Each structure stands twice: as structure tokens, then as C-alpha cells.
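Report on the following structure.
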Amino acid sequence: MFPEFRALITQLKTSDAHFHSLFQQHNTLDQQVKRMASRAEPSTPAEIETLKKEKLRLKDAMYVILQKASQSE
């Protein structure tokens, strides 16, 4: 995710609690979606779609933070 911001992501995970929280939530949802898609965890297609939308919302929020942080450098 966002290879162009790899160093900035590493920095923000330790210096920005809000970014760290978003990053953790995204990773948790990503793992849950993978388990559901592989049928290791029971789910419906609608549940998976809802989680994917939440992941996208979190990713968008992280991208906004990354853009602002990269402009201030």
C-alpha cells in the first residue's frame, strides 16, 4: 500500500497516534477479509463487501494524512 510513501508511513506509525490507529484498523480488516474470502471464517458476500468499503475509507483517510505530511516536508 502506497509504496511511494513507504518511509513516511514508517515515520508516521511511530509519531502520529491517529495514523497508527488507522493503519492498525486497516490491517486488521484486511486479515479479516482474507479469512472470510478463503472461507476460514463464516461470512456472507454482503459482510465482506461492507468490510472492504471500510478498508477503503481507512485507506483514503491515511492517504490524506500522507499527502499533507509529504507536502510539509
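Following the order of the C-alpha cells, first chain is A, next is B, and so on, with residues numbered from 1 inside each chain and ligands from 1 in the order they appear.
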| Using only C-alpha atoms, which residues sit within 10 Å of Thr10 of chain A once same-chain residues fewer than 5 positions away are excluded, as a list in words? |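 Everything that qualifies: Phe5, Ser15 and His20 of chain A.
If you look at atom CA of Phe23 of chain A and atom CA of Thr50 of chain A, they are 17.9 Å away from each other.
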| What gap, in Å, lies between atom CA of Asn27 of chain A and atom CA of Arg39 of chain A? |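 Computing it gives 18.4 Å between the two atoms.
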| message | If you run DSSP on the backbone here, which positions in chain A get helix (DSSP H, G or I)? Please write them as a ChimeraX atom specification. | response | /A:3-15,17-37,45-71
Polymer residues at most 12 Å from segment 11-14 of chain A, only C-alpha atoms, same-chain spacing of 2 or more positions, as a PDB file with N, CA and C atoms, in the first residue's frame:
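Saved result, part_38.pdb, follows:
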ATOM      1  N   PHE A   5       5.224   6.155  -0.427  1.00  0.00           N
ATOM      2  CA  PHE A   5       5.238   6.762   0.901  1.00  0.00           C
ATOM      3  C   PHE A   5       5.793   5.813   1.961  1.00  0.00           C
ATOM      4  N   ARG A   6       6.509   4.789   1.553  1.00  0.00           N
ATOM      5  CA  ARG A   6       6.973   3.756   2.489  1.00  0.00           C
ATOM      6  C   ARG A   6       7.707   4.343   3.705  1.00  0.00           C
ATOM      7  N   ALA A   7       8.667   5.223   3.466  1.00  0.00           N
ATOM      8  CA  ALA A   7       9.438   5.812   4.576  1.00  0.00           C
ATOM      9  C   ALA A   7       8.552   6.687   5.451  1.00  0.00           C
ATOM     10  N   LEU A   8       7.666   7.448   4.818  1.00  0.00           N
ATOM     11  CA  LEU A   8       6.775   8.332   5.574  1.00  0.00           C
ATOM     12  C   LEU A   8       5.793   7.511   6.415  1.00  0.00           C
ATOM     13  N   ILE A   9       5.318   6.402   5.885  1.00  0.00           N
ATOM     14  CA  ILE A   9       4.415   5.530   6.650  1.00  0.00           C
ATOM     15  C   ILE A   9       5.124   5.024   7.903  1.00  0.00           C
ATOM     16  N   ASP A  16       2.589   9.564  14.876  1.00  0.00           N
ATOM     17  CA  ASP A  16       1.210  10.061  14.764  1.00  0.00           C
ATOM     18  C   ASP A  16       0.249   8.967  15.234  1.00  0.00           C
ATOM     19  N   ALA A  17      -0.299   9.151  16.416  1.00  0.00           N
ATOM     20  CA  ALA A  17      -1.172   8.131  17.004  1.00  0.00           C
ATOM     21  C   ALA A  17      -2.410   7.873  16.148  1.00  0.00           C
ATOM     22  N   HIS A  18      -2.969   8.921  15.554  1.00  0.00           N
ATOM     23  CA  HIS A  18      -4.155   8.753  14.718  1.00  0.00           C
ATOM     24  C   HIS A  18      -3.824   7.921  13.477  1.00  0.00           C
ATOM     25  N   PHE A  19      -2.712   8.238  12.822  1.00  0.00           N
ATOM     26  CA  PHE A  19      -2.302   7.472  11.648  1.00  0.00           C
ATOM     27  C   PHE A  19      -2.047   6.016  12.042  1.00  0.00           C
ATOM     28  N   HIS A  20      -1.366   5.817  13.153  1.00  0.00           N
ATOM     29  CA  HIS A  20      -1.077   4.455  13.619  1.00  0.00           C
ATOM     30  C   HIS A  20      -2.374   3.675  13.834  1.00  0.00           C
ATOM     31  N   SER A  21      -3.356   4.314  14.425  1.00  0.00           N
ATOM     32  CA  SER A  21      -4.646   3.668  14.667  1.00  0.00           C
ATOM     33  C   SER A  21      -5.323   3.290  13.348  1.00  0.00           C
ATOM     34  N   LEU A  22      -5.334   4.207  12.391  1.00  0.00           N
ATOM     35  CA  LEU A  22      -5.925   3.918  11.082  1.00  0.00           C
ATOM     36  C   LEU A  22      -5.205   2.743  10.415  1.00  0.00           C
ATOM     37  N   PHE A  23      -3.882   2.757  10.486  1.00  0.00           N
ATOM     38  CA  PHE A  23      -3.064   1.707   9.879  1.00  0.00           C
ATOM     39  C   PHE A  23      -3.392   0.347  10.503  1.00  0.00           C
ATOM     40  N   GLN A  24      -3.484   0.310  11.818  1.00  0.00           N
ATOM     41  CA  GLN A  24      -3.797  -0.936  12.524  1.00  0.00           C
ATOM     42  C   GLN A  24      -5.187  -1.443  12.169  1.00  0.00           C
ATOM     43  N   MET A  62      -5.881   7.581   5.401  1.00  0.00           N
ATOM     44  CA  MET A  62      -4.423   7.524   5.520  1.00  0.00           C
ATOM     45  C   MET A  62      -3.758   8.287   4.385  1.00  0.00           C
ATOM     46  N   TYR A  63      -4.309   8.185   3.186  1.00  0.00           N
ATOM     47  CA  TYR A  63      -3.734   8.874   2.036  1.00  0.00           C
ATOM     48  C   TYR A  63      -3.763  10.388   2.226  1.00  0.00           C
ATOM     49  N   ILE A  65      -3.643  11.992   5.057  1.00  0.00           N
ATOM     50  CA  ILE A  65      -2.595  12.296   6.042  1.00  0.00           C
ATOM     51  C   ILE A  65      -1.218  12.234   5.381  1.00  0.00           C
ATOM     52  N   LEU A  66      -1.001  11.217   4.563  1.00  0.00           N
ATOM     53  CA  LEU A  66       0.296  11.078   3.890  1.00  0.00           C
ATOM     54  C   LEU A  66       0.561  12.244   2.937  1.00  0.00           C
ATOM     55  N   GLN A  67      -0.438  12.667   2.208  1.00  0.00           N
ATOM     56  CA  GLN A  67      -0.261  13.797   1.300  1.00  0.00           C
ATOM     57  C   GLN A  67       0.091  15.062   2.061  1.00  0.00           C
ATOM     58  N   LYS A  68      -0.638  15.333   3.137  1.00  0.00           N
ATOM     59  CA  LYS A  68      -0.353  16.534   3.936  1.00  0.00           C
ATOM     60  C   LYS A  68       1.041  16.481   4.535  1.00  0.00           C
ATOM     61  N   ALA A  69       1.415  15.331   5.050  1.00  0.00           N
ATOM     62  CA  ALA A  69       2.734  15.186   5.674  1.00  0.00           C
ATOM     63  C   ALA A  69       3.849  15.323   4.638  1.00  0.00           C
ATOM     64  N   SER A  70       3.640  14.810   3.436  1.00  0.00           N
ATOM     65  CA  SER A  70       4.690  14.892   2.416  1.00  0.00           C
ATOM     66  C   SER A  70       4.842  16.316   1.887  1.00  0.00           C
TER      67      SER A  70
END
| message | List the spatial neighbours of segment 29-35 of chain A as a VMD selection string - criterion: any atom at most 9 Å away, only C-alpha atoms, same-chain residues fewer than 6 positions off excluded. | response | chain A and resid 41 to 42 48 to 49 51 to 52 54 to 55
Keeping all heavy atoms for every residue in the selection just given, could you write it to a file as a PDB file, in the first residue's frame?
ATOM      1  N   GLU A  41     -13.385 -18.183   7.828  1.00  0.00           N
ATOM      2  CA  GLU A  41     -14.272 -17.523   8.791  1.00  0.00           C
ATOM      3  C   GLU A  41     -15.631 -17.373   8.109  1.00  0.00           C
ATOM      4  O   GLU A  41     -15.709 -16.906   6.974  1.00  0.00           O
ATOM      5  CB  GLU A  41     -13.688 -16.148   9.145  1.00  0.00           C
ATOM      6  CG  GLU A  41     -14.389 -15.443  10.262  1.00  0.00           C
ATOM      7  CD  GLU A  41     -13.651 -14.177  10.671  1.00  0.00           C
ATOM      8  OE1 GLU A  41     -12.421 -14.235  10.860  1.00  0.00           O
ATOM      9  OE2 GLU A  41     -14.314 -13.149  10.805  1.00  0.00           O
ATOM     10  N   PRO A  42     -16.714 -17.775   8.778  1.00  0.00           N
ATOM     11  CA  PRO A  42     -18.031 -17.694   8.146  1.00  0.00           C
ATOM     12  C   PRO A  42     -18.420 -16.249   7.830  1.00  0.00           C
ATOM     13  O   PRO A  42     -18.163 -15.333   8.619  1.00  0.00           O
ATOM     14  CB  PRO A  42     -18.985 -18.296   9.175  1.00  0.00           C
ATOM     15  CG  PRO A  42     -18.224 -18.458  10.423  1.00  0.00           C
ATOM     16  CD  PRO A  42     -16.767 -18.285  10.119  1.00  0.00           C
ATOM     17  N   ILE A  48     -18.574  -9.199   3.582  1.00  0.00           N
ATOM     18  CA  ILE A  48     -17.245  -8.965   3.006  1.00  0.00           C
ATOM     19  C   ILE A  48     -17.219  -7.612   2.309  1.00  0.00           C
ATOM     20  O   ILE A  48     -16.264  -6.842   2.466  1.00  0.00           O
ATOM     21  CB  ILE A  48     -16.864 -10.107   2.039  1.00  0.00           C
ATOM     22  CG1 ILE A  48     -16.669 -11.408   2.817  1.00  0.00           C
ATOM     23  CG2 ILE A  48     -15.599  -9.755   1.264  1.00  0.00           C
ATOM     24  CD1 ILE A  48     -16.480 -12.638   1.949  1.00  0.00           C
ATOM     25  N   GLU A  49     -18.261  -7.308   1.553  1.00  0.00           N
ATOM     26  CA  GLU A  49     -18.335  -6.030   0.836  1.00  0.00           C
ATOM     27  C   GLU A  49     -18.313  -4.855   1.810  1.00  0.00           C
ATOM     28  O   GLU A  49     -17.630  -3.857   1.574  1.00  0.00           O
ATOM     29  CB  GLU A  49     -19.605  -5.985  -0.020  1.00  0.00           C
ATOM     30  CG  GLU A  49     -19.658  -4.822  -0.958  1.00  0.00           C
ATOM     31  CD  GLU A  49     -18.589  -4.869  -2.037  1.00  0.00           C
ATOM     32  OE1 GLU A  49     -18.121  -5.962  -2.398  1.00  0.00           O
ATOM     33  OE2 GLU A  49     -18.202  -3.794  -2.522  1.00  0.00           O
ATOM     34  N   LEU A  51     -16.941  -4.770   4.793  1.00  0.00           N
ATOM     35  CA  LEU A  51     -15.585  -4.640   5.334  1.00  0.00           C
ATOM     36  C   LEU A  51     -14.634  -4.045   4.302  1.00  0.00           C
ATOM     37  O   LEU A  51     -13.762  -3.237   4.650  1.00  0.00           O
ATOM     38  CB  LEU A  51     -15.072  -5.997   5.812  1.00  0.00           C
ATOM     39  CG  LEU A  51     -15.778  -6.590   7.030  1.00  0.00           C
ATOM     40  CD1 LEU A  51     -15.172  -7.941   7.376  1.00  0.00           C
ATOM     41  CD2 LEU A  51     -15.708  -5.651   8.217  1.00  0.00           C
ATOM     42  N   LYS A  52     -14.798  -4.417   3.057  1.00  0.00           N
ATOM     43  CA  LYS A  52     -13.953  -3.854   2.005  1.00  0.00           C
ATOM     44  C   LYS A  52     -14.175  -2.344   1.876  1.00  0.00           C
ATOM     45  O   LYS A  52     -13.226  -1.585   1.668  1.00  0.00           O
ATOM     46  CB  LYS A  52     -14.217  -4.535   0.666  1.00  0.00           C
ATOM     47  CG  LYS A  52     -13.631  -5.922   0.572  1.00  0.00           C
ATOM     48  CD  LYS A  52     -13.908  -6.519  -0.795  1.00  0.00           C
ATOM     49  CE  LYS A  52     -13.279  -7.878  -0.962  1.00  0.00           C
ATOM     50  NZ  LYS A  52     -13.535  -8.429  -2.308  1.00  0.00           N
ATOM     51  N   GLU A  54     -15.107  -0.346   4.289  1.00  0.00           N
ATOM     52  CA  GLU A  54     -14.482   0.270   5.468  1.00  0.00           C
ATOM     53  C   GLU A  54     -12.970   0.345   5.289  1.00  0.00           C
ATOM     54  O   GLU A  54     -12.339   1.334   5.649  1.00  0.00           O
ATOM     55  CB  GLU A  54     -14.849  -0.516   6.734  1.00  0.00           C
ATOM     56  CG  GLU A  54     -14.230   0.016   7.999  1.00  0.00           C
ATOM     57  CD  GLU A  54     -14.641   1.433   8.373  1.00  0.00           C
ATOM     58  OE1 GLU A  54     -15.598   1.991   7.799  1.00  0.00           O
ATOM     59  OE2 GLU A  54     -13.984   2.011   9.270  1.00  0.00           O
ATOM     60  N   LYS A  55     -12.380  -0.709   4.732  1.00  0.00           N
ATOM     61  CA  LYS A  55     -10.937  -0.695   4.437  1.00  0.00           C
ATOM     62  C   LYS A  55     -10.598   0.454   3.495  1.00  0.00           C
ATOM     63  O   LYS A  55      -9.606   1.163   3.692  1.00  0.00           O
ATOM     64  CB  LYS A  55     -10.510  -2.010   3.761  1.00  0.00           C
ATOM     65  CG  LYS A  55     -10.089  -3.099   4.679  1.00  0.00           C
ATOM     66  CD  LYS A  55      -9.646  -4.331   3.912  1.00  0.00           C
ATOM     67  CE  LYS A  55      -8.618  -3.992   2.850  1.00  0.00           C
ATOM     68  NZ  LYS A  55      -8.180  -5.113   2.046  1.00  0.00           N
TER      69      LYS A  55
END
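Put simply, atom CA of His26 of chain A is 24.5 Å away from atom CA of Ser72 of chain A.
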